[in-house]
Amino acid sequence: MTKKTVSRRAFLMGSAALSGAGLVRAANIKTRPWPGNRDDVHCGIIGYGPQGREITATLARVPGAVVSAICDTYAPMLRRAQRDAPDATRHADYREILDNPDIQAVIVATPTHLHRDIVLDALSAGKNVYCEAPMASSIDDAKSIARAARDASSQIFQVGQIYRSNPQHRSVFQFMRSGAIGKPAMARGQWHAKESWRRASPNAERVRELNWRLDPQLSIGLIGEAALLQMDVAYWVLGELPTAVHGFGQIMGWNDGREVPDTIQAIFEFPSGLHMLFDATLVSSYEEAYEVYMGSESTIVFRDRGKAWMFKEVDSLMLGWEVYARKDRFYKETGIALLANATQLDAQNVDPTEDDPNVETPLWYAMQEFMDNHAFGPYPPAANWERGLEAAAIAITANQAIMERTRKEIDPLLYTLD
Amino acid sequence: MQTVRLALNAMATRFELVIHGEDAVLLRAAGEEALSEIKRLDERLSFYNPTSEISHINDNASKYPVQVTPELYSLLKMASDLYDKTEGAFDVTVGPLMRCWGFVRGSGAWPKESAREEALEKTGMDQVLLDEEEYTVAFKQDGMAIDLGAIGKGYAIQEAADLLRECGIISALLHGGTSTMAAIGTPSPGDEGWTIGVIDPLDESNMLTSTTICDEAFSVSAPHGKAFKKGDQIWGHVIDPRVGYPVQGAAVAAVIHSSATVCDAVSTALLAANRTEIDQMAQKFQDIRILCAYSDGNELNFVSNGFNSVNSTILNDEKNG
């Protein structure tokens, strides 16, 4: 037998962290078994770079998911796959995975500009598809994928805008939409790292392929490849999409002949009048990544991939519960920790001011949602083709503004299908 | 010839990497990939990160078998083999003892005897059930914990060095906190290898010995660092998992082997081993080089196997193998 199967026993035990409602702690497994008689979902991973590996490692711990096949065009990646997923078959051509009737789902984790052909082929082969974000790096590609996903309504199509599935983000989303920050003033986000964004290989052709992020013909730069997930959260929690973007891009640190800026700033204009500044750099890692939403009553900060804190104005109304909430110091400010699931933890005798001991990564929750959809769907996932198309179209336009150092209108037709 | 240096803070220590080669841009790219692998492993293996696989095992493996990645499964299997080969001197389930001796987030304190006995009962890799078919991990009793602190750094360095080789790097040295390192090739063509030294635990200005490594790994362990004093004695943070007390044997142990993972684990195990056990370990691991220094009041005694002669005037007992 070449495929690893998860026994019913391990499966039921492992599904403790799941529930139809989304949030049940693992300790509840025995009292809340998975309803129904669910079969394992056999998955194929297409593209085995760092993200493909991360997804494979995550799926190994998502109940019901079995990685049965892995595709990469570069032999050393397949050797790595053999070690990471010894029971999966390995392929250099993704069509072999699509031809396998036992594979129900494919995860597309290739470079962005290669998504379109693979997703279209996978959908026409009847597979359910999880496509990494950004969904595409050109408007044509994004629309082709969106159209195919829309037309394949009996299949699942989920985009890797993972925070949409994250319980912590969902919890803070509700909190923000209830008006907790008061009258919004502005928003700001950043993604900072100190790295060259280059990849190495002893093979010259491979070096060219690996460095697609630095090819201005293929790449949508930092605003697309680094900032997209954070900006997607902004569109979600603000409940509106930007209508224009001003962009700036510079090469500040990596003077190695590249044309794609290593440092960018983009200011997004929203219909409500709110502006959001996003900056990203490959030159300094200061404060890494976060988003901050400032309002007349309080400011909310997201950081560390899903943690959130509220900083109240001194004259804002008491909310009652904050007396009991955990507070963390940030230099001279005190942040009130916003924890998902606090009431449920309290009911289970777990201190609701502590982080949930069974918390998973945002990618795990996204994969869990994808697997749930196989059992109960198909239904449109939180990160469906529309969210993928919108985020890609805005990022593509913002990247044009950055490359041209100008202001661009974001025409809704860019993310509207005929 | 160009040289690129990179660094990373991870696993509660500082990793440093130096690479020599032709094209600095590509050298740096390869180095970044290697260091990001260490960062990835830190997230997955950390005892302190609540989303790590290790945290999920520690929270749940006494309740039900916890599914893990094949990668972590292989590492735990290796830890289990090392436990067998070192007769239990290397044991990743030493967590309850570390906690009971106050070394998890503090610098240690003498525990109550009942607490120590209870922690010792909850220690032992033989109480961890590894299911190869299902890739699951289960604990035989509640309160057990896996902490990969004595192997994780070596494993991460091993993986990062493999990535460097895949990227075509032929000359590099990577270390974590100067205690575990891997060498690729030699610093310059014609060199014998990368020269490394072992510092005298009694006098940090003195180098006990130096040697060269080429396409090999090296690790050094010592019980000093996190420690507390009781009576006249210093009790350090390395606990002998077989008896439940901080080790009172070697003052420093150094190992050279092709695998950084083996080096990291065996150098820790040597601190708990007696001289007979050291000889046995030297037999069990092929092509291993070992150096142990025992403090006897003001003097150091050495047991060594394959190390250059030890640079100390107080050498009493050297056994070159």
# chains A, B, ... in the order shown; residues from 1 in each chain; ligands from 1
$ interface_residues --of "chain B" --to "chain A" --cutoff "8 Å" --atoms "only C-alpha atoms" --output "list in words"
Val25, Leu26, Leu27, Arg28, Ala29, Ala30, Glu32, Glu33, Pro50, Thr51, His56, Asp59, Asn60, Tyr64, Pro65, Val66, Gln67, Val68, Thr69, Pro70, Glu71, Glu134, Glu166, Cys167 and Gly168 of chain B
$ residues_around --residues "Ala325 in chain A" --least-positions-apart "3" --cutoff "7 Å" --atoms "only C-alpha atoms" --output "list in words"
Trp321, Glu322, Ile336, Ala337 and Thr353 of chain A
$ atom_distance --atom1 "CA of Arg95 in chain A" --atom2 "CA of Asp121 in chain A"
8.1 Å
$ closest_residue --among "A:Ala81, A:Ala193, A:Ile118, A:Val66" --to "Ser36 in chain B" --atoms "only C-alpha atoms"
A:Ala193
$ closest_residue --among "B:Ile184, B:Leu97, B:Ala272, B:Ile196" --to "Ile169 in chain B" --atoms "only C-alpha atoms"
B:Ile184
$ residues_around --residues "range 180-182 of chain A" --least-positions-apart "2" --cutoff "9 Å" --atoms "only C-alpha atoms" --output "ChimeraX atom specification"
/A:175-178,184-185,293-300,310,312,316
$ write_last_selection --atoms "C-alpha atoms" --output "compact mmCIF listing (two decimals), in the first residue's frame"
# COMPACT_ATOMS: atom_id res chain seq x y z
CA PHE A 175 -15.27 42.95 18.10
CA MET A 176 -14.17 45.62 15.64
CA ARG A 177 -17.37 45.51 13.62
CA SER A 178 -19.30 46.11 16.85
CA PRO A 184 -12.08 55.13 12.79
CA ALA A 185 -9.21 57.57 12.20
CA TYR A 293 -6.43 50.29 13.43
CA MET A 294 -6.77 53.61 15.21
CA GLY A 295 -10.11 55.04 16.34
CA SER A 296 -11.57 57.63 18.69
CA GLU A 297 -12.21 55.09 21.47
CA SER A 298 -9.35 52.67 21.09
CA THR A 299 -6.66 51.26 18.85
CA ILE A 300 -6.46 47.59 17.92
CA MET A 310 -6.67 46.82 22.32
CA LYS A 312 -8.00 52.28 25.04
CA SER A 316 -13.27 55.95 26.45
$ select_by_dssp --residues "range 151-340 of chain A" --states "alpha helix (DSSP H)" --output "number ranges by chain"
A: 151, 167-177, 204-210, 221-225, 228-238
$ atom_distance --atom1 "CA of Phe218 in chain B" --atom2 "CA of Ser295 in chain B"
21.8 Å
$ decode --residues "range 275-316 of chain A" --atoms "N, CA and C atoms" --output "short mmCIF file (atom, residue, chain, number, x, y, z; two decimals), in the first residue's frame"
data_model
loop_
_atom_site.label_atom_id
_atom_site.label_comp_id
_atom_site.auth_asym_id
_atom_site.auth_seq_id
_atom_site.Cartn_x
_atom_site.Cartn_y
_atom_site.Cartn_z
N HIS A 275 -7.83 56.27 5.34
CA HIS A 275 -6.62 55.91 4.61
C HIS A 275 -5.85 54.86 5.39
N MET A 276 -5.22 53.96 4.68
CA MET A 276 -4.35 52.98 5.34
C MET A 276 -2.98 53.04 4.68
N LEU A 277 -1.95 53.20 5.51
CA LEU A 277 -0.57 53.18 5.00
C LEU A 277 0.01 51.80 5.23
N PHE A 278 0.59 51.22 4.19
CA PHE A 278 1.30 49.96 4.38
C PHE A 278 2.72 50.15 3.90
N ASP A 279 3.69 49.80 4.74
CA ASP A 279 5.07 49.83 4.27
C ASP A 279 5.72 48.47 4.46
N ALA A 280 6.65 48.17 3.58
CA ALA A 280 7.34 46.88 3.63
C ALA A 280 8.77 47.08 3.21
N THR A 281 9.65 46.32 3.82
CA THR A 281 11.07 46.43 3.46
C THR A 281 11.79 45.12 3.65
N LEU A 282 12.83 44.93 2.85
CA LEU A 282 13.72 43.78 2.98
C LEU A 282 15.05 44.19 3.60
N VAL A 283 15.10 45.45 4.08
CA VAL A 283 16.38 45.98 4.57
C VAL A 283 16.45 45.97 6.10
N SER A 284 15.30 46.14 6.76
CA SER A 284 15.29 46.20 8.22
C SER A 284 14.18 45.29 8.75
N SER A 285 14.47 44.59 9.84
CA SER A 285 13.45 43.70 10.40
C SER A 285 12.71 44.36 11.56
N TYR A 286 12.92 45.66 11.76
CA TYR A 286 12.39 46.32 12.94
C TYR A 286 10.88 46.11 13.09
N GLU A 287 10.46 45.57 14.19
CA GLU A 287 9.06 45.34 14.55
C GLU A 287 8.35 44.33 13.64
N GLU A 288 9.05 43.74 12.69
CA GLU A 288 8.51 42.69 11.82
C GLU A 288 7.14 43.07 11.23
N ALA A 289 6.10 42.26 11.50
CA ALA A 289 4.83 42.51 10.82
C ALA A 289 3.72 42.78 11.82
N TYR A 290 2.90 43.79 11.51
CA TYR A 290 1.70 44.05 12.31
C TYR A 290 0.76 44.96 11.55
N GLU A 291 -0.48 45.04 12.03
CA GLU A 291 -1.43 46.03 11.51
C GLU A 291 -2.05 46.72 12.70
N VAL A 292 -2.35 48.01 12.52
CA VAL A 292 -2.92 48.78 13.61
C VAL A 292 -4.09 49.61 13.08
N TYR A 293 -5.21 49.56 13.82
CA TYR A 293 -6.43 50.29 13.43
C TYR A 293 -6.74 51.29 14.53
N MET A 294 -6.64 52.57 14.19
CA MET A 294 -6.77 53.61 15.21
C MET A 294 -8.14 54.26 15.14
N GLY A 295 -8.79 54.40 16.30
CA GLY A 295 -10.11 55.04 16.34
C GLY A 295 -10.22 55.96 17.54
N SER A 296 -11.38 56.63 17.64
CA SER A 296 -11.57 57.63 18.69
C SER A 296 -11.67 57.01 20.07
N GLU A 297 -12.08 55.74 20.16
CA GLU A 297 -12.21 55.09 21.47
C GLU A 297 -11.00 54.22 21.81
N SER A 298 -10.49 53.56 20.81
CA SER A 298 -9.35 52.67 21.09
C SER A 298 -8.61 52.35 19.80
N THR A 299 -7.47 51.72 19.97
CA THR A 299 -6.66 51.26 18.85
C THR A 299 -6.50 49.76 18.98
N ILE A 300 -6.64 49.05 17.87
CA ILE A 300 -6.46 47.59 17.92
C ILE A 300 -5.25 47.22 17.06
N VAL A 301 -4.40 46.38 17.63
CA VAL A 301 -3.19 45.95 16.94
C VAL A 301 -3.23 44.44 16.75
N PHE A 302 -2.98 44.01 15.52
CA PHE A 302 -2.79 42.59 15.22
C PHE A 302 -1.30 42.36 15.05
N ARG A 303 -0.75 41.33 15.69
CA ARG A 303 0.64 40.98 15.40
C ARG A 303 0.88 39.52 15.75
N ASP A 304 2.08 39.04 15.46
CA ASP A 304 2.45 37.65 15.71
C ASP A 304 1.44 36.67 15.11
N ARG A 305 1.07 36.89 13.87
CA ARG A 305 0.19 36.00 13.12
C ARG A 305 -1.11 35.68 13.86
N GLY A 306 -1.79 36.72 14.33
CA GLY A 306 -3.13 36.46 14.84
C GLY A 306 -3.38 36.94 16.26
N LYS A 307 -2.34 37.32 16.99
CA LYS A 307 -2.61 37.85 18.32
C LYS A 307 -3.10 39.29 18.18
N ALA A 308 -3.91 39.75 19.13
CA ALA A 308 -4.44 41.11 19.03
C ALA A 308 -4.55 41.74 20.40
N TRP A 309 -4.33 43.04 20.43
CA TRP A 309 -4.45 43.81 21.67
C TRP A 309 -5.25 45.08 21.39
N MET A 310 -5.95 45.56 22.42
CA MET A 310 -6.67 46.82 22.32
C MET A 310 -6.01 47.82 23.27
N PHE A 311 -5.80 49.04 22.78
CA PHE A 311 -5.23 50.13 23.58
C PHE A 311 -6.31 51.19 23.70
N LYS A 312 -6.85 51.38 24.89
CA LYS A 312 -8.00 52.28 25.04
C LYS A 312 -7.56 53.73 25.23
N GLU A 313 -8.37 54.65 24.69
CA GLU A 313 -8.17 56.06 25.01
C GLU A 313 -8.58 56.27 26.46
N VAL A 314 -7.95 57.21 27.12
CA VAL A 314 -8.20 57.39 28.55
C VAL A 314 -9.64 57.83 28.81
N ASP A 315 -10.27 58.51 27.85
CA ASP A 315 -11.64 58.98 28.07
C ASP A 315 -12.69 58.05 27.49
N SER A 316 -12.28 56.85 27.07
CA SER A 316 -13.27 55.95 26.45
C SER A 316 -14.08 55.24 27.53
#
